[in-house]
$ cat query_34.cif   # mmCIF, C-alpha atoms and all ligand atoms; chains and numbers go by the auth columns
data_query
loop_
_atom_site.group_PDB
_atom_site.id
_atom_site.type_symbol
_atom_site.label_atom_id
_atom_site.label_comp_id
_atom_site.label_asym_id
_atom_site.label_seq_id
_atom_site.Cartn_x
_atom_site.Cartn_y
_atom_site.Cartn_z
_atom_site.B_iso_or_equiv
_atom_site.auth_seq_id
_atom_site.auth_asym_id
ATOM 1 C CA MET A 1 -27.580 -14.851 1.075 0.00 741 A
ATOM 2 C CA ARG A 2 -25.987 -13.097 -1.918 0.00 742 A
ATOM 3 C CA ALA A 3 -22.788 -14.525 -3.336 0.00 743 A
ATOM 4 C CA THR A 4 -20.507 -12.903 -5.907 0.00 744 A
ATOM 5 C CA VAL A 5 -17.755 -14.555 -7.950 0.00 745 A
ATOM 6 C CA ILE A 6 -14.962 -12.285 -9.210 0.00 746 A
ATOM 7 C CA ARG A 7 -13.296 -13.017 -12.527 0.00 747 A
ATOM 8 C CA PHE A 8 -9.841 -11.977 -13.662 0.00 748 A
ATOM 9 C CA PRO A 9 -8.203 -12.515 -17.050 0.00 749 A
ATOM 10 C CA GLY A 10 -6.902 -16.069 -16.651 0.00 750 A
ATOM 11 C CA SER A 11 -9.424 -17.261 -14.063 0.00 751 A
ATOM 12 C CA ASN A 12 -10.316 -20.822 -15.027 0.00 752 A
ATOM 13 C CA ARG A 13 -12.147 -22.267 -12.034 0.00 753 A
ATOM 14 C CA ASP A 14 -14.775 -19.524 -12.085 0.00 754 A
ATOM 15 C CA ARG A 15 -17.253 -21.772 -13.901 0.00 755 A
ATOM 16 C CA ASP A 16 -16.719 -24.594 -11.416 0.00 756 A
ATOM 17 C CA MET A 17 -17.278 -22.143 -8.578 0.00 757 A
ATOM 18 C CA ILE A 18 -20.428 -20.713 -10.184 0.00 758 A
ATOM 19 C CA ALA A 19 -21.763 -24.249 -10.757 0.00 759 A
ATOM 20 C CA ALA A 20 -21.021 -25.243 -7.150 0.00 760 A
ATOM 21 C CA LEU A 21 -22.663 -22.148 -5.650 0.00 761 A
ATOM 22 C CA THR A 22 -25.679 -22.511 -7.939 0.00 762 A
ATOM 23 C CA LEU A 23 -26.145 -26.188 -7.152 0.00 763 A
ATOM 24 C CA ILE A 24 -25.768 -25.731 -3.413 0.00 764 A
ATOM 25 C CA SER A 25 -27.748 -22.513 -2.921 0.00 765 A
ATOM 26 C CA GLY A 26 -30.270 -22.934 -5.743 0.00 766 A
ATOM 27 C CA GLN A 27 -29.347 -19.453 -6.949 0.00 767 A
ATOM 28 C CA ALA A 28 -26.745 -18.355 -9.483 0.00 768 A
ATOM 29 C CA PRO A 29 -24.092 -16.076 -7.925 0.00 769 A
ATOM 30 C CA GLN A 30 -23.587 -12.510 -9.107 0.00 770 A
ATOM 31 C CA LEU A 31 -20.492 -11.903 -11.207 0.00 771 A
ATOM 32 C CA ALA A 32 -17.888 -9.150 -11.029 0.00 772 A
ATOM 33 C CA TRP A 33 -15.013 -8.319 -13.380 0.00 773 A
ATOM 34 C CA HIS A 34 -11.562 -7.304 -12.159 0.00 774 A
ATOM 35 C CA THR A 35 -11.883 -3.753 -13.476 0.00 775 A
ATOM 36 C CA ASP A 36 -15.192 -3.096 -11.694 0.00 776 A
ATOM 37 C CA ALA A 37 -14.947 -0.396 -9.064 0.00 777 A
ATOM 38 C CA ASP A 38 -17.763 -1.809 -6.949 0.00 778 A
ATOM 39 C CA LEU A 39 -19.195 -5.116 -5.861 0.00 779 A
ATOM 40 C CA PRO A 40 -22.927 -5.760 -5.798 0.00 780 A
ATOM 41 C CA PRO A 41 -24.153 -6.159 -2.195 0.00 781 A
ATOM 42 C CA SER A 42 -22.689 -9.531 -1.191 0.00 782 A
ATOM 43 C CA ASP A 43 -22.619 -11.712 1.904 0.00 783 A
ATOM 44 C CA LEU A 44 -20.033 -13.994 0.325 0.00 784 A
ATOM 45 C CA VAL A 45 -17.391 -12.878 -2.186 0.00 785 A
ATOM 46 C CA VAL A 46 -15.424 -15.625 -3.919 0.00 786 A
ATOM 47 C CA ILE A 47 -12.119 -15.320 -5.773 0.00 787 A
ATOM 48 C CA PRO A 48 -11.842 -18.533 -7.769 0.00 788 A
ATOM 49 C CA GLY A 49 -8.813 -20.438 -8.978 0.00 789 A
ATOM 50 C CA GLY A 50 -6.856 -20.027 -12.155 0.00 790 A
ATOM 51 C CA PHE A 51 -3.884 -18.249 -13.595 0.00 791 A
ATOM 52 C CA SER A 52 -4.823 -14.583 -13.313 0.00 792 A
ATOM 53 C CA HIS A 53 -2.663 -12.481 -15.629 0.00 793 A
ATOM 54 C CA GLY A 54 -0.799 -15.650 -16.571 0.00 794 A
ATOM 55 C CA ASP A 55 0.781 -15.877 -13.105 0.00 795 A
ATOM 56 C CA TYR A 56 3.255 -13.237 -14.297 0.00 796 A
ATOM 57 C CA LEU A 57 5.351 -11.528 -11.613 0.00 797 A
ATOM 58 C CA ARG A 58 3.992 -13.835 -8.871 0.00 798 A
ATOM 59 C CA SER A 59 0.727 -15.784 -8.772 0.00 799 A
ATOM 60 C CA GLY A 60 -2.003 -13.360 -7.707 0.00 800 A
ATOM 61 C CA ALA A 61 0.301 -10.323 -7.536 0.00 801 A
ATOM 62 C CA ILE A 62 -1.282 -8.415 -10.418 0.00 802 A
ATOM 63 C CA ALA A 63 -4.834 -9.470 -9.519 0.00 803 A
ATOM 64 C CA ALA A 64 -4.265 -8.170 -5.983 0.00 804 A
ATOM 65 C CA ARG A 65 -3.829 -4.677 -7.447 0.00 805 A
ATOM 66 C CA ALA A 66 -6.983 -4.746 -9.601 0.00 806 A
ATOM 67 C CA PRO A 67 -9.626 -2.041 -9.066 0.00 807 A
ATOM 68 C CA ILE A 68 -12.138 -4.606 -7.710 0.00 808 A
ATOM 69 C CA MET A 69 -9.808 -5.423 -4.810 0.00 809 A
ATOM 70 C CA ASP A 70 -10.579 -2.116 -3.082 0.00 810 A
ATOM 71 C CA ALA A 71 -14.213 -3.205 -3.002 0.00 811 A
ATOM 72 C CA VAL A 72 -13.186 -6.665 -1.742 0.00 812 A
ATOM 73 C CA ARG A 73 -11.158 -5.054 1.047 0.00 813 A
ATOM 74 C CA LYS A 74 -14.123 -2.863 1.966 0.00 814 A
ATOM 75 C CA ALA A 75 -16.470 -5.874 1.973 0.00 815 A
ATOM 76 C CA ALA A 76 -14.064 -7.890 4.150 0.00 816 A
ATOM 77 C CA ASN A 77 -13.642 -5.000 6.579 0.00 817 A
ATOM 78 C CA SER A 78 -17.394 -4.666 6.909 0.00 818 A
ATOM 79 C CA GLY A 79 -17.744 -8.348 7.796 0.00 819 A
ATOM 80 C CA ALA A 80 -18.707 -9.981 4.485 0.00 820 A
ATOM 81 C CA LYS A 81 -17.236 -13.419 3.960 0.00 821 A
ATOM 82 C CA VAL A 82 -14.424 -13.540 1.415 0.00 822 A
ATOM 83 C CA LEU A 83 -13.272 -16.927 0.146 0.00 823 A
ATOM 84 C CA GLY A 84 -10.186 -17.361 -2.035 0.00 824 A
ATOM 85 C CA VAL A 85 -9.486 -20.756 -3.549 0.00 825 A
ATOM 86 C CA CYS A 86 -6.057 -21.530 -5.001 0.00 826 A
ATOM 87 C CA ASN A 87 -5.287 -18.496 -7.190 0.00 827 A
ATOM 88 C CA GLY A 88 -7.852 -16.733 -4.983 0.00 828 A
ATOM 89 C CA PHE A 89 -5.794 -17.610 -1.889 0.00 829 A
ATOM 90 C CA GLN A 90 -2.667 -16.333 -3.650 0.00 830 A
ATOM 91 C CA THR A 91 -4.491 -13.099 -4.514 0.00 831 A
ATOM 92 C CA LEU A 92 -5.694 -12.580 -0.933 0.00 832 A
ATOM 93 C CA THR A 93 -2.163 -12.976 0.486 0.00 833 A
ATOM 94 C CA GLU A 94 -0.771 -10.642 -2.185 0.00 834 A
ATOM 95 C CA ALA A 95 -3.497 -8.120 -1.278 0.00 835 A
ATOM 96 C CA GLY A 96 -2.577 -8.329 2.411 0.00 836 A
ATOM 97 C CA LEU A 97 -6.016 -9.657 3.348 0.00 837 A
ATOM 98 C CA LEU A 98 -4.401 -12.854 4.627 0.00 838 A
ATOM 99 C CA PRO A 99 -0.968 -13.238 6.226 0.00 839 A
ATOM 100 C CA GLY A 100 1.955 -15.072 4.645 0.00 840 A
ATOM 101 C CA ALA A 101 2.730 -15.975 1.037 0.00 841 A
ATOM 102 C CA LEU A 102 2.367 -18.866 -1.395 0.00 842 A
ATOM 103 C CA MET A 103 5.727 -19.829 -2.865 0.00 843 A
ATOM 104 C CA ARG A 104 6.678 -22.240 -5.650 0.00 844 A
ATOM 105 C CA ASN A 105 5.970 -25.861 -4.675 0.00 845 A
ATOM 106 C CA ALA A 106 8.937 -27.447 -2.931 0.00 846 A
ATOM 107 C CA GLY A 107 9.132 -30.115 -5.656 0.00 847 A
ATOM 108 C CA LEU A 108 9.154 -27.392 -8.360 0.00 848 A
ATOM 109 C CA THR A 109 6.412 -29.202 -10.266 0.00 849 A
ATOM 110 C CA PHE A 110 2.706 -28.599 -10.785 0.00 850 A
ATOM 111 C CA VAL A 111 0.732 -30.964 -8.544 0.00 851 A
ATOM 112 C CA CYS A 112 -2.708 -32.146 -9.608 0.00 852 A
ATOM 113 C CA ARG A 113 -4.119 -34.819 -7.348 0.00 853 A
ATOM 114 C CA GLU A 114 -6.426 -35.510 -4.464 0.00 854 A
ATOM 115 C CA VAL A 115 -5.169 -34.855 -0.949 0.00 855 A
ATOM 116 C CA ILE A 116 -6.517 -35.524 2.510 0.00 856 A
ATOM 117 C CA LEU A 117 -7.160 -32.483 4.669 0.00 857 A
ATOM 118 C CA GLU A 118 -7.527 -32.280 8.412 0.00 858 A
ATOM 119 C CA VAL A 119 -10.175 -29.819 9.595 0.00 859 A
ATOM 120 C CA VAL A 120 -8.170 -27.941 12.215 0.00 860 A
ATOM 121 C CA ASN A 121 -10.708 -25.339 13.344 0.00 861 A
ATOM 122 C CA ASN A 122 -14.451 -25.893 13.047 0.00 862 A
ATOM 123 C CA THR A 123 -15.536 -22.938 15.194 0.00 863 A
ATOM 124 C CA ASN A 124 -16.076 -20.806 12.111 0.00 864 A
ATOM 125 C CA ALA A 125 -18.985 -20.364 9.687 0.00 865 A
ATOM 126 C CA TYR A 126 -17.042 -21.955 6.821 0.00 866 A
ATOM 127 C CA THR A 127 -16.068 -25.091 8.740 0.00 867 A
ATOM 128 C CA GLN A 128 -19.004 -25.418 11.153 0.00 868 A
ATOM 129 C CA HIS A 129 -20.405 -28.480 9.373 0.00 869 A
ATOM 130 C CA TYR A 130 -17.196 -30.475 9.788 0.00 870 A
ATOM 131 C CA ALA A 131 -15.984 -32.136 12.964 0.00 871 A
ATOM 132 C CA LYS A 132 -12.730 -30.875 14.454 0.00 872 A
ATOM 133 C CA GLY A 133 -10.000 -33.251 13.361 0.00 873 A
ATOM 134 C CA GLU A 134 -12.171 -34.717 10.581 0.00 874 A
ATOM 135 C CA MET A 135 -10.216 -35.951 7.577 0.00 875 A
ATOM 136 C CA ILE A 136 -11.741 -34.947 4.247 0.00 876 A
ATOM 137 C CA ARG A 137 -10.810 -35.514 0.622 0.00 877 A
ATOM 138 C CA CYS A 138 -10.112 -32.539 -1.644 0.00 878 A
ATOM 139 C CA PRO A 139 -8.350 -32.057 -5.001 0.00 879 A
ATOM 140 C CA VAL A 140 -5.367 -29.740 -5.477 0.00 880 A
ATOM 141 C CA ALA A 141 -3.979 -28.300 -8.748 0.00 881 A
ATOM 142 C CA HIS A 142 -1.214 -25.718 -8.426 0.00 882 A
ATOM 143 C CA HIS A 143 2.446 -24.886 -8.762 0.00 883 A
ATOM 144 C CA ASP A 144 2.577 -22.145 -6.138 0.00 884 A
ATOM 145 C CA GLY A 145 0.985 -23.637 -3.042 0.00 885 A
ATOM 146 C CA ASN A 146 3.917 -23.688 -0.667 0.00 886 A
ATOM 147 C CA TYR A 147 2.620 -21.639 2.264 0.00 887 A
ATOM 148 C CA PHE A 148 5.208 -19.534 4.040 0.00 888 A
ATOM 149 C CA ALA A 149 5.021 -17.074 6.916 0.00 889 A
ATOM 150 C CA ASP A 150 7.750 -15.698 9.190 0.00 890 A
ATOM 151 C CA SER A 151 8.015 -17.448 12.545 0.00 891 A
ATOM 152 C CA GLU A 152 6.202 -14.728 14.477 0.00 892 A
ATOM 153 C CA THR A 153 3.258 -14.756 12.058 0.00 893 A
ATOM 154 C CA LEU A 154 3.180 -18.537 12.035 0.00 894 A
ATOM 155 C CA LYS A 155 3.089 -18.626 15.817 0.00 895 A
ATOM 156 C CA ARG A 156 0.284 -16.075 15.846 0.00 896 A
ATOM 157 C CA ILE A 157 -1.939 -17.809 13.294 0.00 897 A
ATOM 158 C CA GLU A 158 -1.414 -21.177 14.981 0.00 898 A
ATOM 159 C CA GLY A 159 -2.113 -19.678 18.421 0.00 899 A
ATOM 160 C CA GLU A 160 -5.193 -17.741 17.307 0.00 900 A
ATOM 161 C CA GLY A 161 -6.882 -20.675 15.597 0.00 901 A
ATOM 162 C CA GLN A 162 -6.402 -19.194 12.138 0.00 902 A
ATOM 163 C CA VAL A 163 -5.313 -22.476 10.561 0.00 903 A
ATOM 164 C CA ALA A 164 -8.445 -23.879 8.923 0.00 904 A
ATOM 165 C CA PHE A 165 -7.058 -26.947 7.115 0.00 905 A
ATOM 166 C CA ARG A 166 -3.828 -28.924 7.212 0.00 906 A
ATOM 167 C CA TYR A 167 -2.606 -31.559 4.754 0.00 907 A
ATOM 168 C CA ALA A 168 -2.784 -34.937 6.475 0.00 908 A
ATOM 169 C CA GLN A 169 0.532 -36.016 7.894 0.00 909 A
ATOM 170 C CA GLY A 170 2.891 -37.222 5.196 0.00 910 A
ATOM 171 C CA THR A 171 0.732 -35.978 2.306 0.00 911 A
ATOM 172 C CA ASN A 172 1.837 -32.331 2.060 0.00 912 A
ATOM 173 C CA PRO A 173 2.003 -31.839 -1.746 0.00 913 A
ATOM 174 C CA ASN A 174 3.956 -28.567 -1.823 0.00 914 A
ATOM 175 C CA GLY A 175 6.176 -28.086 1.244 0.00 915 A
ATOM 176 C CA SER A 176 3.824 -25.705 3.090 0.00 916 A
ATOM 177 C CA LEU A 177 5.002 -24.756 6.574 0.00 917 A
ATOM 178 C CA ASN A 178 3.192 -26.738 9.278 0.00 918 A
ATOM 179 C CA ASP A 179 1.333 -28.576 6.457 0.00 919 A
ATOM 180 C CA ILE A 180 -0.953 -25.527 6.150 0.00 920 A
ATOM 181 C CA ALA A 181 -3.559 -25.841 3.388 0.00 921 A
ATOM 182 C CA GLY A 182 -5.915 -23.021 4.367 0.00 922 A
ATOM 183 C CA ILE A 183 -6.071 -20.097 6.783 0.00 923 A
ATOM 184 C CA PHE A 184 -8.553 -17.589 8.167 0.00 924 A
ATOM 185 C CA ASN A 185 -7.868 -13.918 8.784 0.00 925 A
ATOM 186 C CA ALA A 186 -7.890 -12.708 12.395 0.00 926 A
ATOM 187 C CA SER A 187 -11.651 -12.031 12.349 0.00 927 A
ATOM 188 C CA GLY A 188 -12.462 -15.346 10.684 0.00 928 A
ATOM 189 C CA ASN A 189 -14.502 -13.947 7.783 0.00 929 A
ATOM 190 C CA VAL A 190 -11.765 -14.321 5.161 0.00 930 A
ATOM 191 C CA LEU A 191 -10.659 -17.852 4.216 0.00 931 A
ATOM 192 C CA GLY A 192 -7.936 -18.755 1.735 0.00 932 A
ATOM 193 C CA MET A 193 -7.188 -22.349 0.764 0.00 933 A
ATOM 194 C CA MET A 194 -5.138 -24.046 -1.944 0.00 934 A
ATOM 195 C CA PRO A 195 -7.357 -27.169 -2.378 0.00 935 A
ATOM 196 C CA HIS A 196 -10.535 -26.925 -4.470 0.00 936 A
ATOM 197 C CA PRO A 197 -13.668 -27.796 -2.451 0.00 937 A
ATOM 198 C CA GLU A 198 -15.837 -26.745 -5.426 0.00 938 A
ATOM 199 C CA ASN A 199 -14.558 -29.797 -7.297 0.00 939 A
ATOM 200 C CA LEU A 200 -15.866 -32.344 -4.809 0.00 940 A
ATOM 201 C CA ILE A 201 -19.481 -31.466 -4.133 0.00 941 A
ATOM 202 C CA GLU A 202 -21.647 -34.122 -5.794 0.00 942 A
ATOM 203 C CA PRO A 203 -21.594 -37.852 -6.517 0.00 943 A
ATOM 204 C CA ALA A 204 -20.564 -37.183 -10.136 0.00 944 A
ATOM 205 C CA HIS A 205 -17.308 -35.769 -8.739 0.00 945 A
ATOM 206 C CA GLY A 206 -16.669 -39.023 -6.898 0.00 946 A
ATOM 207 C CA GLY A 207 -17.494 -37.496 -3.520 0.00 947 A
ATOM 208 C CA ASP A 208 -18.927 -34.471 -1.797 0.00 948 A
ATOM 209 C CA ASP A 209 -16.583 -33.611 1.070 0.00 949 A
ATOM 210 C CA GLY A 210 -16.269 -30.028 -0.217 0.00 950 A
ATOM 211 C CA ARG A 211 -19.969 -29.358 -0.123 0.00 951 A
ATOM 212 C CA ARG A 212 -20.258 -28.624 3.591 0.00 952 A
ATOM 213 C CA LEU A 213 -17.792 -25.753 3.296 0.00 953 A
ATOM 214 C CA PHE A 214 -20.185 -23.912 0.981 0.00 954 A
ATOM 215 C CA GLU A 215 -23.227 -24.847 3.058 0.00 955 A
ATOM 216 C CA GLY A 216 -21.456 -23.332 6.063 0.00 956 A
ATOM 217 C CA ALA A 217 -20.334 -20.210 4.199 0.00 957 A
ATOM 218 C CA LEU A 218 -23.804 -19.701 2.752 0.00 958 A
ATOM 219 C CA GLY A 219 -25.490 -20.209 6.121 0.00 959 A
ATOM 220 C CA LEU A 220 -27.308 -23.311 4.897 0.00 960 A
ATOM 221 C CA ALA A 221 -28.075 -26.515 6.742 0.00 961 A
ATOM 222 C CA MET A 222 -26.160 -29.569 5.607 0.00 962 A
ATOM 223 C CA ALA A 223 -27.852 -31.460 2.782 0.00 963 A
ATOM 224 C CA GLY A 224 -29.504 -34.458 4.308 0.00 964 A
ATOM 225 C CA ALA A 225 -29.516 -32.897 7.772 0.00 965 A
ATOM 226 C CA ALA A 226 -32.842 -33.076 9.586 0.00 966 A
HETATM 227 N N1 LIG B . -5.781 -23.964 -9.872 0.00 1001 A
HETATM 228 C C1 LIG B . -5.264 -22.796 -9.605 0.00 1001 A
HETATM 229 O O1 LIG B . -5.909 -21.882 -9.127 0.00 1001 A
HETATM 230 C C2 LIG B . -3.813 -22.578 -9.959 0.00 1001 A
HETATM 231 C C3 LIG B . -3.211 -21.552 -9.061 0.00 1001 A
HETATM 232 C C4 LIG B . -1.869 -20.983 -9.464 0.00 1001 A
HETATM 233 N N2 LIG B . -1.933 -20.192 -10.591 0.00 1001 A
HETATM 234 C C5 LIG B . -0.803 -22.010 -9.388 0.00 1001 A
HETATM 235 O O2 LIG B . -0.617 -22.800 -10.311 0.00 1001 A
HETATM 236 O O3 LIG B . -0.169 -22.055 -8.380 0.00 1001 A
#
$ encode --input "query_34.cif" --output "structure tokens"
Amino acid sequence: MRATVIRFPGSNRDRDMIAALTLISGQAPQLAWHTDADLPPSDLVVIPGGFSHGDYLRSGAIAARAPIMDAVRKAANSGAKVLGVCNGFQTLTEAGLLPGALMRNAGLTFVCREVILEVVNNTNAYTQHYAKGEMIRCPVAHHDGNYFADSETLKRIEGEGQVAFRYAQGTNPNGSLNDIAGIFNASGNVLGMMPHPENLIEPAHGGDDGRRLFEGALGLAMAGAA
């Protein structure tokens, strides 16, 4: 399983993502730069969190138009997994690889805290190691995490099982419609999520609820599983 992490000017969770993928798979991921025209052969492409291009214009808007994104689109269309976390999720919506948009948090402040997520759909490689309806811990750190989609799109993604994670009732940190924290594309190989599973993968983090997402995406058995 070959994983690649893409870096943009202003990415700041790339090192966390590289550390998580290395720890979980035993192999350092390949790296790509935003101006690269091609991606190395990859089964999993990850766009990490951060403030690409200083969040100017809109978070992820400039990154979505980087040369590397043509290669990401090609990889996604040919079935590779593409995971966008936080600024990565923003970039994937701006690139049209995921529906909807991430708007300014309803409270107009940056939120940095742990939230509880409900695993809405576990019939997908990314979420296969969670139980449906399982509540997991995960940190968030963003100012533009307020998921919005028009009513037709919202109905479609809800109806087609494209909602991956929801903020637990009453804990929505940003005003996202339907408490949406993460969504799949229609084919299920692209996942965007605002919370940071890479920051809760080992006891030193205070928990490891995020770990199973990477084990699923990388096609690995759960640590500790027989
Ligand atoms: N941690 C992040 O990726 C931050 C995402 C984004 N730039 C925001 O603040 O909304």
$ resolve_selection --input "query_34.cif" --expression "the PyMOL selection byres (((not hetatm)) within 6 of (chain A and resi 1001))" --output "list in words"
Gly789, Gly790, Phe791, Asp795, Ser799, Cys826, Asn827, Ala881, His882, His883, Asp884 and Gly885 of chain A
$ residues_around --input "query_34.cif" --residues "A:Ile941" --least-positions-apart "4" --cutoff "12 Å" --atoms "only C-alpha atoms" --output "PyMOL selection string"
chain A and resi 756-757+759-764+876-879+936-937+945-955+962-963
$ atom_distance --input "query_34.cif" --atom1 "atom CA of A:Gly932" --atom2 "atom CA of A:Gly824"
4.6 Å
$ atom_distance --input "query_34.cif" --atom1 "atom CA of A:Pro913" --atom2 "atom CA of A:Leu838"
21.0 Å
$ residues_near_point --input "query_34.cif" --point "(-20.3, -8.9, -12.0)" --cutoff "10 Å" --atoms "only C-alpha atoms" --output "ChimeraX atom specification"
/A:744-747,769-776,778-780
$ residues_around --input "query_34.cif" --residues "A:Pro781" --least-positions-apart "5" --cutoff "9 Å" --atoms "all atoms listed in the file" --output "number ranges by chain"
A: 742-744, 815
$ closest_residue --input "query_34.cif" --among "A:Ala811, A:Val880, A:Leu931, A:Ala904" --to "A:Cys852" --atoms "all atoms listed in the file"
A:Val880
$ residues_around --input "query_34.cif" --residues "A:Met933" --least-positions-apart "2" --cutoff "9 Å" --atoms "only C-alpha atoms" --output "compact mmCIF listing (two decimals) with C-alpha atoms, keeping the file's coordinate frame"
# COMPACT_ATOMS: atom_id res chain seq x y z
CA LEU A 823 -13.27 -16.93 0.15
CA GLY A 824 -10.19 -17.36 -2.04
CA VAL A 825 -9.49 -20.76 -3.55
CA CYS A 826 -6.06 -21.53 -5.00
CA GLY A 828 -7.85 -16.73 -4.98
CA PHE A 829 -5.79 -17.61 -1.89
CA GLN A 830 -2.67 -16.33 -3.65
CA ALA A 904 -8.44 -23.88 8.92
CA PHE A 905 -7.06 -26.95 7.12
CA ILE A 920 -0.95 -25.53 6.15
CA ALA A 921 -3.56 -25.84 3.39
CA GLY A 922 -5.92 -23.02 4.37
CA ILE A 923 -6.07 -20.10 6.78
CA PHE A 924 -8.55 -17.59 8.17
CA LEU A 931 -10.66 -17.85 4.22
CA PRO A 935 -7.36 -27.17 -2.38
CA HIS A 936 -10.54 -26.92 -4.47
$ atom_distance --input "query_34.cif" --atom1 "atom CA of A:Ala841" --atom2 "atom CA of A:Asp783"
25.7 Å
$ residues_around --input "query_34.cif" --residues "A:Ser792" --least-positions-apart "3" --cutoff "6 Å" --atoms "only C-alpha atoms" --output "PyMOL selection string"
chain A and resi 748-751+795
$ resolve_selection --input "query_34.cif" --expression "the PyMOL selection byres (((chain A and resi 837) around 9) and not hetatm)" --output "ChimeraX atom specification"
/A:813,816,831-836,838-839,925,930
$ closest_residue --input "query_34.cif" --among "A:His869, A:Leu842, A:Val851, A:Ala944" --to "A:Ser916" --atoms "all atoms listed in the file"
A:Leu842
$ residues_around --input "query_34.cif" --residues "A:Thr911" --least-positions-apart "4" --cutoff "8 Å" --atoms "only C-alpha atoms" --output "list in words"
Val855, Ile856 and Tyr907 of chain A
